[in-house]
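As stored in start26.csv (CSV, C-alpha atoms and all ligand atoms):
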```
chain,number,residue,atom,x,y,z
N,1415,MET,CA,44.4,36.9,-14.2
N,1416,SER,CA,47.2,39.4,-14.1
N,1417,ILE,CA,48.8,42.2,-12.2
N,1418,LYS,CA,50.6,44.9,-14.3
N,1419,ILE,CA,52.8,47.4,-12.6
N,1420,ALA,CA,54.1,50.1,-14.9
N,1421,GLY,CA,56.6,52.7,-13.9
N,1422,VAL,CA,55.4,52.9,-10.3
N,1423,SER,CA,57.2,55.2,-7.9
N,1424,LYS,CA,56.1,56.2,-4.4
N,1425,LYS,CA,57.5,59.1,-2.4
N,1426,TYR,CA,56.1,59.5,1.2
N,1427,LYS,CA,55.7,63.1,2.4
N,1428,LYS,CA,58.3,62.8,5.0
N,1429,GLY,CA,60.7,60.3,3.5
N,1430,LYS,CA,62.8,59.1,0.7
N,1431,LEU,CA,61.6,57.4,-2.5
N,1432,ALA,CA,60.2,54.1,-1.3
N,1433,LEU,CA,59.5,52.8,-4.8
N,1434,ASP,CA,61.5,53.9,-7.8
N,1435,ASN,CA,60.1,53.1,-11.3
N,1436,VAL,CA,58.9,49.6,-10.5
N,1437,ASN,CA,57.9,47.5,-13.5
N,1438,LEU,CA,56.5,44.0,-13.0
N,1439,GLU,CA,54.0,41.7,-14.7
N,1440,VAL,CA,52.5,38.8,-12.7
N,1441,GLY,CA,50.3,36.1,-14.3
N,1442,LYS,CA,48.5,33.1,-13.0
N,1443,GLY,CA,50.2,31.0,-10.3
N,1444,MET,CA,52.3,31.8,-7.3
N,1445,PHE,CA,54.6,34.8,-7.4
N,1446,GLY,CA,57.1,35.7,-4.7
N,1447,LEU,CA,58.2,39.3,-4.0
N,1448,LEU,CA,61.4,38.9,-2.0
N,1449,GLY,CA,63.4,41.6,-0.3
N,1450,PRO,CA,64.9,42.8,2.9
N,1451,ASN,CA,63.1,44.9,5.5
N,1452,GLY,CA,62.6,48.4,4.2
N,1453,ALA,CA,62.8,47.4,0.5
N,1454,GLY,CA,59.4,48.8,-0.3
N,1455,LYS,CA,57.4,45.5,-0.3
N,1456,SER,CA,54.5,46.7,1.9
N,1457,THR,CA,54.4,50.0,0.1
N,1458,LEU,CA,53.9,48.2,-3.2
N,1459,ILE,CA,51.4,45.7,-1.7
N,1460,ARG,CA,49.3,48.6,-0.3
N,1461,ILE,CA,49.2,50.2,-3.7
N,1462,LEU,CA,48.1,46.9,-5.3
N,1463,ALA,CA,45.4,46.4,-2.7
N,1464,SER,CA,44.2,50.0,-3.5
N,1465,LEU,CA,44.9,51.2,0.0
N,1466,ASP,CA,47.4,53.7,-1.1
N,1467,GLU,CA,48.2,55.5,-4.4
N,1468,PRO,CA,51.4,55.7,-6.3
N,1469,THR,CA,53.1,59.1,-6.7
N,1470,SER,CA,53.5,58.2,-10.4
N,1471,GLY,CA,52.9,55.2,-12.6
N,1472,ARG,CA,50.0,52.8,-13.0
N,1473,VAL,CA,48.8,49.5,-11.7
N,1474,GLU,CA,46.3,47.3,-13.4
N,1475,ILE,CA,44.6,44.3,-11.9
N,1476,ASN,CA,42.9,42.1,-14.5
N,1477,GLY,CA,43.0,45.1,-16.8
N,1478,LEU,CA,41.4,47.6,-14.4
N,1479,ASP,CA,43.3,50.6,-13.0
N,1480,VAL,CA,43.6,50.3,-9.2
N,1481,VAL,CA,43.1,54.0,-8.6
N,1482,GLY,CA,40.3,54.7,-11.1
N,1483,LYS,CA,38.3,51.4,-10.6
N,1484,ARG,CA,38.9,51.0,-6.9
N,1485,GLN,CA,35.6,49.3,-6.0
N,1486,GLU,CA,35.7,46.8,-8.9
N,1487,VAL,CA,39.3,46.0,-8.2
N,1488,ARG,CA,38.6,45.3,-4.5
N,1489,LYS,CA,35.9,42.7,-5.4
N,1490,MET,CA,38.5,40.8,-7.3
N,1491,LEU,CA,41.1,41.0,-4.6
N,1492,GLY,CA,41.8,39.0,-1.5
N,1493,TYR,CA,44.3,40.7,0.8
N,1494,LEU,CA,46.0,39.4,3.9
N,1495,PRO,CA,47.9,42.3,5.6
N,1496,GLN,CA,51.1,41.8,7.5
N,1497,ASP,CA,49.4,42.8,10.8
N,1498,PHE,CA,46.2,40.7,10.7
N,1499,ARG,CA,45.9,40.5,14.5
N,1500,PHE,CA,43.2,42.9,15.5
N,1501,VAL,CA,39.9,41.1,15.0
N,1502,PRO,CA,36.7,42.0,16.7
N,1503,PRO,CA,35.4,40.1,19.8
N,1504,VAL,CA,32.9,37.9,17.8
N,1505,SER,CA,32.9,34.2,17.0
N,1506,THR,CA,35.2,33.0,14.3
N,1507,TRP,CA,32.1,32.0,12.3
N,1508,ASP,CA,30.4,35.4,12.7
N,1509,PHE,CA,33.6,37.2,11.7
N,1510,LEU,CA,33.7,35.4,8.4
N,1511,ASP,CA,29.9,35.9,7.9
N,1512,TYR,CA,30.5,39.6,8.5
N,1513,CYS,CA,33.3,39.7,5.9
N,1514,LEU,CA,31.3,37.8,3.4
N,1515,THR,CA,28.2,40.0,3.9
N,1516,LEU,CA,30.3,43.0,3.1
N,1517,SER,CA,31.9,41.6,0.0
N,1518,SER,CA,28.9,39.7,-1.5
N,1519,GLY,CA,25.2,40.0,-1.9
N,1520,LEU,CA,24.7,36.4,-0.9
N,1521,LYS,CA,21.8,35.1,1.1
N,1522,LYS,CA,22.4,33.5,4.5
N,1523,LYS,CA,22.0,29.9,3.3
N,1524,GLU,CA,24.6,30.5,0.5
N,1525,ARG,CA,26.9,32.3,2.9
N,1526,ASN,CA,26.7,29.5,5.5
N,1527,ALA,CA,27.7,26.9,2.9
N,1528,LEU,CA,30.8,29.0,1.9
N,1529,ILE,CA,31.8,29.7,5.5
N,1530,GLU,CA,31.6,26.0,6.5
N,1531,GLU,CA,33.7,25.0,3.5
N,1532,MET,CA,36.3,27.7,4.1
N,1533,LEU,CA,36.6,26.9,7.9
N,1534,ARG,CA,37.2,23.3,7.1
N,1535,GLU,CA,39.8,24.2,4.5
N,1536,VAL,CA,41.8,26.3,6.9
N,1537,ALA,CA,41.3,23.8,9.7
N,1538,LEU,CA,39.3,26.2,11.9
N,1539,TYR,CA,35.9,24.5,11.8
N,1540,GLU,CA,36.4,23.0,15.3
N,1541,VAL,CA,36.9,26.5,16.7
N,1542,ARG,CA,34.0,28.2,14.8
N,1543,LYS,CA,32.3,29.2,18.0
N,1544,LYS,CA,35.4,30.4,19.7
N,1545,ARG,CA,36.0,34.2,19.8
N,1546,ALA,CA,38.2,35.2,16.9
N,1547,ASP,CA,40.2,37.6,19.0
N,1548,LYS,CA,41.1,34.7,21.4
N,1549,LEU,CA,42.6,32.4,18.7
N,1550,SER,CA,46.3,31.6,18.7
N,1551,GLY,CA,48.7,33.5,16.4
N,1552,GLY,CA,48.8,30.7,13.9
N,1553,MET,CA,45.0,30.3,13.9
N,1554,LYS,CA,44.5,34.0,13.5
N,1555,ARG,CA,46.8,33.9,10.4
N,1556,ARG,CA,44.7,31.1,9.0
N,1557,LEU,CA,41.6,33.2,9.8
N,1558,GLY,CA,43.3,36.0,7.9
N,1559,ILE,CA,43.7,33.7,4.9
N,1560,ALA,CA,40.0,32.6,5.2
N,1561,GLN,CA,38.8,36.2,5.2
N,1562,ALA,CA,41.0,37.0,2.2
N,1563,LEU,CA,39.6,34.0,0.2
N,1564,ILE,CA,36.0,33.7,1.4
N,1565,HIS,CA,34.6,35.8,-1.5
N,1566,GLN,CA,36.6,33.7,-4.0
N,1567,PRO,CA,38.9,36.4,-5.4
N,1568,SER,CA,41.0,35.8,-8.6
N,1569,ILE,CA,44.0,37.8,-7.2
N,1570,ILE,CA,45.3,37.1,-3.7
N,1571,ILE,CA,47.9,39.4,-2.1
N,1572,VAL,CA,49.7,38.2,1.0
N,1573,ASP,CA,52.1,40.4,3.0
N,1574,GLU,CA,54.8,38.7,5.1
N,1575,PRO,CA,52.6,35.8,5.9
N,1576,THR,CA,54.9,33.7,8.1
N,1577,THR,CA,56.6,36.3,10.3
N,1578,GLY,CA,56.1,35.4,13.9
N,1579,LEU,CA,54.8,31.9,13.2
N,1580,ASP,CA,56.4,28.8,14.8
N,1581,PRO,CA,57.9,26.2,12.3
N,1582,ASP,CA,54.8,24.0,12.4
N,1583,GLU,CA,52.4,26.8,11.6
N,1584,ARG,CA,54.8,28.1,8.9
N,1585,ILE,CA,54.7,24.7,7.1
N,1586,ARG,CA,50.9,24.5,7.6
N,1587,PHE,CA,50.5,28.0,6.1
N,1588,ARG,CA,52.7,27.2,3.1
N,1589,ASN,CA,50.7,24.0,2.4
N,1590,LEU,CA,47.5,26.0,2.6
N,1591,ILE,CA,48.7,28.6,0.1
N,1592,THR,CA,50.0,25.9,-2.3
N,1593,LYS,CA,46.5,24.3,-2.1
N,1594,VAL,CA,44.8,27.6,-2.9
N,1595,CYS,CA,47.1,28.1,-5.8
N,1596,GLN,CA,46.0,24.9,-7.5
N,1597,LYS,CA,42.9,26.9,-8.4
N,1598,GLU,CA,42.9,29.4,-11.3
N,1599,VAL,CA,44.2,32.3,-9.3
N,1600,THR,CA,47.2,34.7,-9.0
N,1601,VAL,CA,48.9,34.8,-5.6
N,1602,LEU,CA,51.4,37.4,-4.9
N,1603,LEU,CA,53.3,36.7,-1.7
N,1604,SER,CA,55.6,39.3,-0.2
N,1605,THR,CA,58.3,38.1,2.2
N,1606,HIS,CA,61.9,38.6,3.4
N,1607,ILE,CA,62.0,34.8,4.2
N,1608,VAL,CA,63.5,32.8,1.3
N,1609,GLY,CA,61.9,29.6,2.6
N,1610,ASP,CA,58.4,31.1,2.0
N,1611,ILE,CA,59.2,31.3,-1.7
N,1612,SER,CA,61.5,28.3,-2.3
N,1613,SER,CA,58.8,25.9,-1.3
N,1614,THR,CA,55.9,27.5,-3.1
N,1615,CYS,CA,56.6,30.0,-5.9
N,1616,THR,CA,57.3,29.4,-9.6
N,1617,ASP,CA,58.3,32.9,-10.3
N,1618,LEU,CA,59.8,35.7,-8.2
N,1619,ALA,CA,61.2,39.2,-8.1
N,1620,ILE,CA,63.7,40.8,-5.8
N,1621,LEU,CA,62.9,44.2,-4.6
N,1622,ASN,CA,65.7,46.1,-2.9
N,1623,GLN,CA,65.8,49.8,-2.0
N,1624,GLY,CA,62.7,50.5,-4.1
N,1625,HIS,CA,64.1,48.8,-7.3
N,1626,ILE,CA,63.3,45.5,-8.9
N,1627,GLU,CA,66.7,43.9,-9.1
N,1628,PHE,CA,65.8,40.5,-10.5
N,1629,GLN,CA,62.8,38.7,-12.0
N,1630,GLY,CA,62.7,35.1,-13.0
N,1631,SER,CA,62.3,31.6,-11.7
N,1632,PRO,CA,63.9,30.3,-8.5
N,1633,LYS,CA,65.9,28.0,-10.8
N,1634,ASP,CA,67.3,31.0,-12.8
N,1635,MET,CA,68.2,32.8,-9.5
N,1636,THR,CA,69.9,29.7,-8.1
N,1637,ALA,CA,71.9,29.3,-11.3
N,1638,LEU,CA,73.4,32.8,-10.6
N,1639,ALA,CA,75.1,31.5,-7.5
N,1640,ALA,CA,76.6,28.3,-9.1
N,1641,GLY,CA,80.4,28.3,-8.4
N,1642,HIS,CA,80.1,30.8,-5.6
N,1643,VAL,CA,79.2,28.5,-2.6
N,1644,TRP,CA,81.8,26.6,-0.7
N,1645,ARG,CA,82.0,24.3,2.3
N,1646,MET,CA,85.3,24.5,4.2
N,1647,ASP,CA,86.9,23.2,7.4
N,1648,VAL,CA,88.2,26.0,9.6
N,1649,GLY,CA,90.4,25.6,12.7
N,1650,MET,CA,89.3,26.9,16.1
N,1651,GLU,CA,91.1,30.2,15.6
N,1652,GLY,CA,90.1,30.8,12.0
N,1653,LEU,CA,86.4,31.5,12.2
N,1654,GLU,CA,86.6,35.3,12.8
N,1655,GLU,CA,88.7,35.8,9.7
N,1656,ILE,CA,86.2,33.7,7.6
N,1657,LYS,CA,83.3,35.7,8.9
N,1658,HIS,CA,85.2,38.9,8.1
N,1659,LYS,CA,86.0,37.9,4.5
N,1660,TYR,CA,82.9,36.0,3.4
N,1661,GLN,CA,79.2,35.7,3.8
N,1662,VAL,CA,78.8,32.7,6.2
N,1663,ILE,CA,75.6,30.8,5.7
N,1664,SER,CA,76.1,28.1,8.3
N,1665,THR,CA,78.6,27.1,11.0
N,1666,MET,CA,78.8,23.6,12.4
N,1667,PRO,CA,81.1,22.8,15.3
N,1668,MET,CA,83.5,20.0,14.6
N,1669,GLU,CA,86.1,18.2,16.8
N,1670,ASN,CA,89.0,20.5,15.8
N,1671,GLY,CA,87.1,23.6,14.7
N,1672,TRP,CA,84.2,24.4,12.4
N,1673,GLN,CA,82.6,23.3,9.1
N,1674,VAL,CA,81.3,26.4,7.4
N,1675,GLU,CA,79.4,27.2,4.3
N,1676,VAL,CA,80.2,30.5,2.7
N,1677,VAL,CA,79.0,32.5,-0.3
N,1678,ALA,CA,81.5,34.8,-2.1
N,1679,GLU,CA,82.6,36.0,-5.5
N,1680,GLU,CA,85.8,34.0,-5.0
N,1681,LEU,CA,87.9,32.6,-2.2
N,1682,ASP,CA,90.8,34.7,-1.0
N,1683,GLY,CA,93.6,32.5,0.3
N,1684,HIS,CA,91.4,29.6,1.4
N,1685,THR,CA,90.4,26.3,-0.1
N,1686,GLY,CA,87.0,24.7,-0.1
N,1687,GLU,CA,84.7,22.3,-1.8
N,1688,PHE,CA,82.0,23.7,-4.2
N,1689,ILE,CA,78.5,22.9,-3.1
N,1690,PRO,CA,75.4,23.2,-5.3
N,1691,PRO,CA,73.6,26.4,-4.4
N,1692,ASN,CA,70.1,26.6,-3.1
N,1693,LEU,CA,67.8,29.6,-3.2
N,1694,GLU,CA,69.0,30.9,0.1
N,1695,HIS,CA,72.6,30.9,-1.0
N,1696,ALA,CA,71.5,32.6,-4.3
N,1697,TYR,CA,69.7,35.3,-2.4
N,1698,VAL,CA,72.7,36.0,-0.2
N,1699,TYR,CA,75.0,36.0,-3.3
N,1700,PHE,CA,72.6,38.3,-5.1
N,1701,MET,CA,72.3,40.8,-2.3
N,1702,GLU,CA,76.0,40.9,-1.4
N,1703,CYS,CA,77.5,40.7,-4.9
N,1704,ARG,CA,74.7,42.5,-6.9
N,1705,GLU,CA,76.9,45.3,-8.3
N,1706,ARG,CA,78.9,42.6,-10.1
N,1707,ILE,CA,76.0,40.7,-11.6
N,1708,ALA,CA,74.4,41.9,-14.8
N,1709,VAL,CA,70.7,40.9,-15.1
N,1801,LIG,P1,59.2,46.6,3.5
N,1801,LIG,O1,57.7,46.2,3.5
N,1801,LIG,O2,59.9,46.0,2.4
N,1801,LIG,O3,59.8,46.4,4.8
N,1801,LIG,P2,58.2,49.4,3.4
N,1801,LIG,O4,57.4,49.5,2.2
N,1801,LIG,O5,57.5,49.2,4.7
N,1801,LIG,O6,59.3,48.2,3.2
N,1801,LIG,O7,59.1,50.6,3.5
N,1801,LIG,C1,59.9,51.1,2.4
N,1801,LIG,C2,60.5,52.5,2.8
N,1801,LIG,O8,59.5,53.5,3.0
N,1801,LIG,C3,61.2,52.4,4.2
N,1801,LIG,O9,62.4,53.3,4.1
N,1801,LIG,C4,60.2,53.0,5.1
N,1801,LIG,O10,60.8,53.6,6.2
N,1801,LIG,C5,59.5,54.0,4.3
N,1801,LIG,N1,58.1,54.2,4.7
N,1801,LIG,C6,57.1,53.2,4.7
N,1801,LIG,N2,55.9,53.7,5.1
N,1801,LIG,C7,56.1,55.0,5.3
N,1801,LIG,C8,55.3,56.1,5.7
N,1801,LIG,N3,54.0,55.9,6.0
N,1801,LIG,N4,55.8,57.4,5.7
N,1801,LIG,C9,57.2,57.6,5.5
N,1801,LIG,N5,58.0,56.6,5.1
N,1801,LIG,C10,57.5,55.3,5.0
```

If you took the structure in this file and wrote it as structure tokens, what would it be?
Ligand code: ADP
Amino acid sequence: MSIKIAGVSKKYKKGKLALDNVNLEVGKGMFGLLGPNGAGKSTLIRILASLDEPTSGRVEINGLDVVGKRQEVRKMLGYLPQDFRFVPPVSTWDFLDYCLTLSSGLKKKERNALIEEMLREVALYEVRKKRADKLSGGMKRRLGIAQALIHQPSIIIVDEPTTGLDPDERIRFRNLITKVCQKEVTVLLSTHIVGDISSTCTDLAILNQGHIEFQGSPKDMTALAAGHVWRMDVGMEGLEEIKHKYQVISTMPMENGWQVEVVAEELDGHTGEFIPPNLEHAYVYFMECRERIAV
């Protein structure tokens, strides 16, 4: 199970370079593609899902070229697009049956067994007769996962999965993905939300302005921010200056001012207590101080 991205660039007809010589290798397990809005994540994901072609470079999924072997590649892929909202007005069960009929040559009895198992796994069995287009946002997202997984793909690509979900649904979704990943599969999860990755991925890359700027484990990335995160107490009047000088991660009101957590290369005229960085701190440090970090 692998995804190999070699020298991939993408230029849209009316636009700038959305991907600029991207090189990435993704093996078995859960891989996070992290980057701000506009970084090029969806562009890359659409190329991986063989819905678009690179301007130059090559992508291989399990050794097959995504452009030349489109049909074979699609059979191995499960894809959950960012905007999985528009489902037809049929029952949840019939929708999955339709997806499975398209992607497999299975007979009805075999399809039924797979659909029931999948609906139970994503906790939608109770609503199997309900119209798919009438499900709640979180349920639709779980149906999206079900349609991506129902044909048992070895590579699963998920684009911005938790955007718009409430905190409960977000946690439920992350747990579901982690469960899927216990099987022998590759999951590539693209997101701008650090929490989606910190709780699930063993390996990650940062994409920014079309470039891969980091690849490694969450631990490697967190280590980059060690010694650059502080907690400090600030008087009532001091907050604006702190916000102006540093990246403020959190602000807690106190009796005589604020307790703030900041990320910076170094403090400038302030004192604070070092705190151990987490992945969110590291991401902020990386994005804000990246010219100064050699990776
Ligand atoms: P992300 O998914 O990280 O938010 P995108 O891949 O959607 O990033 O976009 C990357 C860049 O490509 C952005 O500058 C965006 O405006 C541009 N872009 C995306 N899709 C198109 C398109 N169809 N035509 C022209 N430019 C596009």

(request) For CA of Ala1537 in chain N and CA of Met1444 in chain N, determine how far apart the two atoms are, in Å to one decimal place. (result)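 The value is 21.8 Å.
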
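CA of Asn1437 in chain N is positioned 15.5 Å from CA of Gly1449 in chain N.
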
(message) Residues within 7 Å of Thr1600 in chain N, please, as a list in words. Count all atoms listed in the file; anything in the same chain fewer than 2 positions from it doesn't count.
(response)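 Returned residues: Met1415, Ser1416, Gly1441, Lys1442, Gly1443, Met1444, Ser1568, Ile1569, Ile1570 and Leu1602 of chain N.
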
(request) Using all atoms listed in the file, find each residue with an atom at most 8 Å away from ligand LIG 1801 (chain N) and format the answer as a PyMOL selection string. (result) chain N and resi 1425-1433+1449-1458+1606+1621-1624

(message) What does the structure give for the distance between CA of Leu1563 in chain N and CA of Ser1505 in chain N, in Å to one decimal?
(response)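 So the two atoms, CA of Leu1563 in chain N and CA of Ser1505 in chain N, lie 18.1 Å apart.
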
(request) Compile the contact shell of Leu1447 in chain N as a list in words: residues with an atom at most 10 Å away, counting all atoms listed in the file, same-chain residues fewer than 6 positions apart removed. (result)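 That gives Lys1455, Leu1458, Ile1459, Val1572, Asp1573, Glu1574, Leu1602, Leu1603, Ser1604, Thr1605, His1606, Val1608, Ile1611, Cys1615, Asp1617, Leu1618, Ala1619, Ile1620, Leu1621, Ile1626 and Gln1629 of chain N.
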
(message) For Gly1471 in chain N, find every residue with an atom within 10 Å (counting all atoms listed in the file), except residues of its own chain fewer than 3 positions away, and show them as a list in words.
(response)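 Listed by chain and then number, they are Ile1419, Ala1420, Gly1421, Val1422, Ser1423, Lys1424, Asp1434, Asn1435, Val1436, Asn1437, Glu1467 and Pro1468 of chain N.
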
(request) May I ask which of the residues N:Val1662, N:Val1594, N:Leu1653, N:Leu1579 is the closest one to Tyr1699 in chain N, counting only C-alpha atoms? (result)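 Of the candidates, the smallest distance to Tyr1699 in chain N is held by N:Val1662.
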
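Every protein, DNA or RNA residue with an atom at most 7 Å from Met1532 in chain N, where only C-alpha atoms count and chain neighbours fewer than 4 positions away do not, is listed here: N:Leu1528, N:Val1536, N:Ala1560, N:Ile1564.
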
(message) When you look at Leu1520 in chain N with a cut-off of 12 Å (counting all atoms listed in the file), what residues show up, excluding the ones that are within fewer than 6 positions of it in the same chain? I need them as a VMD selection string.
(response) chain N and resid 1511 to 1514 1526 to 1529 1564 to 1565

(message) Under the rule that all atoms listed in the file are counted, which of N:Arg1586, N:Arg1472, N:Arg1534, N:Lys1633 is the nearest residue to Arg1555 in chain N?
(response) N:Arg1586

Using only the atoms of range 1542-1550 of chain N listed in the file, plus 5 Å on each side, state the axis-aligned box centre and edge lengths in Å rounded to one decimal, as JSON.
```
{"center_x": 39.3, "center_y": 32.9, "center_z": 18.1, "size_x": 24.0, "size_y": 19.4, "size_z": 16.6}
```

(request) Choose the residue, out of N:Gln1673, N:Ser1664, N:Lys1593, N:Gly1641, that has the smallest atom-to-atom separation from Ile1689 in chain N; count all atoms listed in the file. (result) N:Gly1641

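Remark: for Leu1638 in chain N, the closest of the candidate residues N:Leu1516, N:Leu1462, N:Met1553, N:Met1701 is N:Met1701 (distances computed over all atoms listed in the file).
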
(request) Step by step: start from the point (40.1, 36.0, 8.5) in the file's coordinates, keep every protein, DNA or RNA residue that has an atom no farther than 10 Å from it, count only C-alpha atoms, and write the set as a ChimeraX atom specification. (result) /N:1493-1494,1498-1499,1501,1506-1507,1509-1510,1513,1533,1536,1546,1553-1564

(request) Could you tell me which of N:Val1677, N:Ile1656, N:Met1490, N:Ile1417 comes closest to Gly1477 in chain N if we count all atoms listed in the file? (result)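 Counting all atoms listed in the file, the residue closest to Gly1477 in chain N is N:Ile1417.
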
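Among N:Pro1581, N:Pro1575, N:Gly1652, N:Pro1567, the residue with the shortest atom-to-atom distance to Glu1598 in chain N, counting only C-alpha atoms, is N:Pro1567.
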
Pull range 1580-1588 of chain N out of the block and emit all heavy atoms, as a CSV table (one decimal), in the first residue's frame.
```
chain,number,residue,atom,x,y,z
N,1580,ASP,N,-19.9,19.5,14.6
N,1580,ASP,CA,-19.9,19.9,16.0
N,1580,ASP,C,-18.9,19.1,16.8
N,1580,ASP,O,-18.5,18.0,16.3
N,1580,ASP,CB,-21.2,20.1,16.6
N,1580,ASP,CG,-22.0,18.7,16.7
N,1580,ASP,OD1,-21.3,17.7,16.9
N,1580,ASP,OD2,-23.2,18.7,16.6
N,1581,PRO,N,-18.4,19.5,18.0
N,1581,PRO,CA,-17.3,18.8,18.6
N,1581,PRO,C,-17.6,17.3,18.9
N,1581,PRO,O,-16.7,16.4,18.7
N,1581,PRO,CB,-17.2,19.5,20.0
N,1581,PRO,CG,-17.7,20.9,19.7
N,1581,PRO,CD,-18.8,20.7,18.6
N,1582,ASP,N,-18.9,16.9,19.2
N,1582,ASP,CA,-19.2,15.5,19.4
N,1582,ASP,C,-19.0,14.7,18.1
N,1582,ASP,O,-18.4,13.6,18.1
N,1582,ASP,CB,-20.7,15.4,19.7
N,1582,ASP,CG,-21.0,15.5,21.1
N,1582,ASP,OD1,-20.0,15.8,21.9
N,1582,ASP,OD2,-22.1,15.3,21.5
N,1583,GLU,N,-19.5,15.2,17.0
N,1583,GLU,CA,-19.4,14.5,15.7
N,1583,GLU,C,-17.9,14.4,15.3
N,1583,GLU,O,-17.5,13.5,14.7
N,1583,GLU,CB,-20.2,15.3,14.6
N,1583,GLU,CG,-21.7,15.0,14.7
N,1583,GLU,CD,-22.1,13.6,14.3
N,1583,GLU,OE1,-21.2,12.8,13.9
N,1583,GLU,OE2,-23.3,13.4,14.3
N,1584,ARG,N,-17.2,15.5,15.6
N,1584,ARG,CA,-15.7,15.5,15.3
N,1584,ARG,C,-15.0,14.4,16.0
N,1584,ARG,O,-14.2,13.6,15.3
N,1584,ARG,CB,-15.2,16.8,15.8
N,1584,ARG,CG,-14.1,17.4,14.9
N,1584,ARG,CD,-13.8,18.8,15.3
N,1584,ARG,NE,-14.3,19.7,14.3
N,1584,ARG,CZ,-14.0,20.9,14.1
N,1584,ARG,NH1,-13.1,21.5,15.0
N,1584,ARG,NH2,-14.4,21.7,13.2
N,1585,ILE,N,-15.3,14.2,17.2
N,1585,ILE,CA,-14.6,13.1,18.0
N,1585,ILE,C,-15.1,11.8,17.5
N,1585,ILE,O,-14.3,10.8,17.2
N,1585,ILE,CB,-14.9,13.2,19.5
N,1585,ILE,CG1,-14.2,14.5,20.0
N,1585,ILE,CG2,-14.5,12.0,20.3
N,1585,ILE,CD1,-14.7,14.9,21.4
N,1586,ARG,N,-16.4,11.6,17.2
N,1586,ARG,CA,-16.9,10.4,16.7
N,1586,ARG,C,-16.2,10.0,15.3
N,1586,ARG,O,-15.8,8.9,15.1
N,1586,ARG,CB,-18.4,10.5,16.5
N,1586,ARG,CG,-19.1,9.2,16.2
N,1586,ARG,CD,-20.4,9.5,15.6
N,1586,ARG,NE,-21.5,9.9,16.6
N,1586,ARG,CZ,-22.4,9.0,17.0
N,1586,ARG,NH1,-22.4,7.8,16.5
N,1586,ARG,NH2,-23.3,9.4,17.8
N,1587,PHE,N,-16.1,11.1,14.5
N,1587,PHE,CA,-15.5,10.9,13.2
N,1587,PHE,C,-14.0,10.4,13.3
N,1587,PHE,O,-13.5,9.5,12.7
N,1587,PHE,CB,-15.5,12.2,12.4
N,1587,PHE,CG,-15.0,12.0,11.0
N,1587,PHE,CD1,-15.8,11.6,10.0
N,1587,PHE,CD2,-13.7,12.2,10.8
N,1587,PHE,CE1,-15.3,11.5,8.7
N,1587,PHE,CE2,-13.2,12.1,9.5
N,1587,PHE,CZ,-14.0,11.7,8.5
N,1588,ARG,N,-13.3,11.1,14.2
N,1588,ARG,CA,-11.9,10.7,14.4
N,1588,ARG,C,-11.7,9.3,14.9
N,1588,ARG,O,-10.8,8.6,14.5
N,1588,ARG,CB,-11.2,11.7,15.4
N,1588,ARG,CG,-11.0,13.1,14.8
N,1588,ARG,CD,-10.4,14.0,15.9
N,1588,ARG,NE,-10.4,15.4,15.3
N,1588,ARG,CZ,-10.4,16.5,16.0
N,1588,ARG,NH1,-10.4,16.4,17.4
N,1588,ARG,NH2,-10.3,17.7,15.5
```
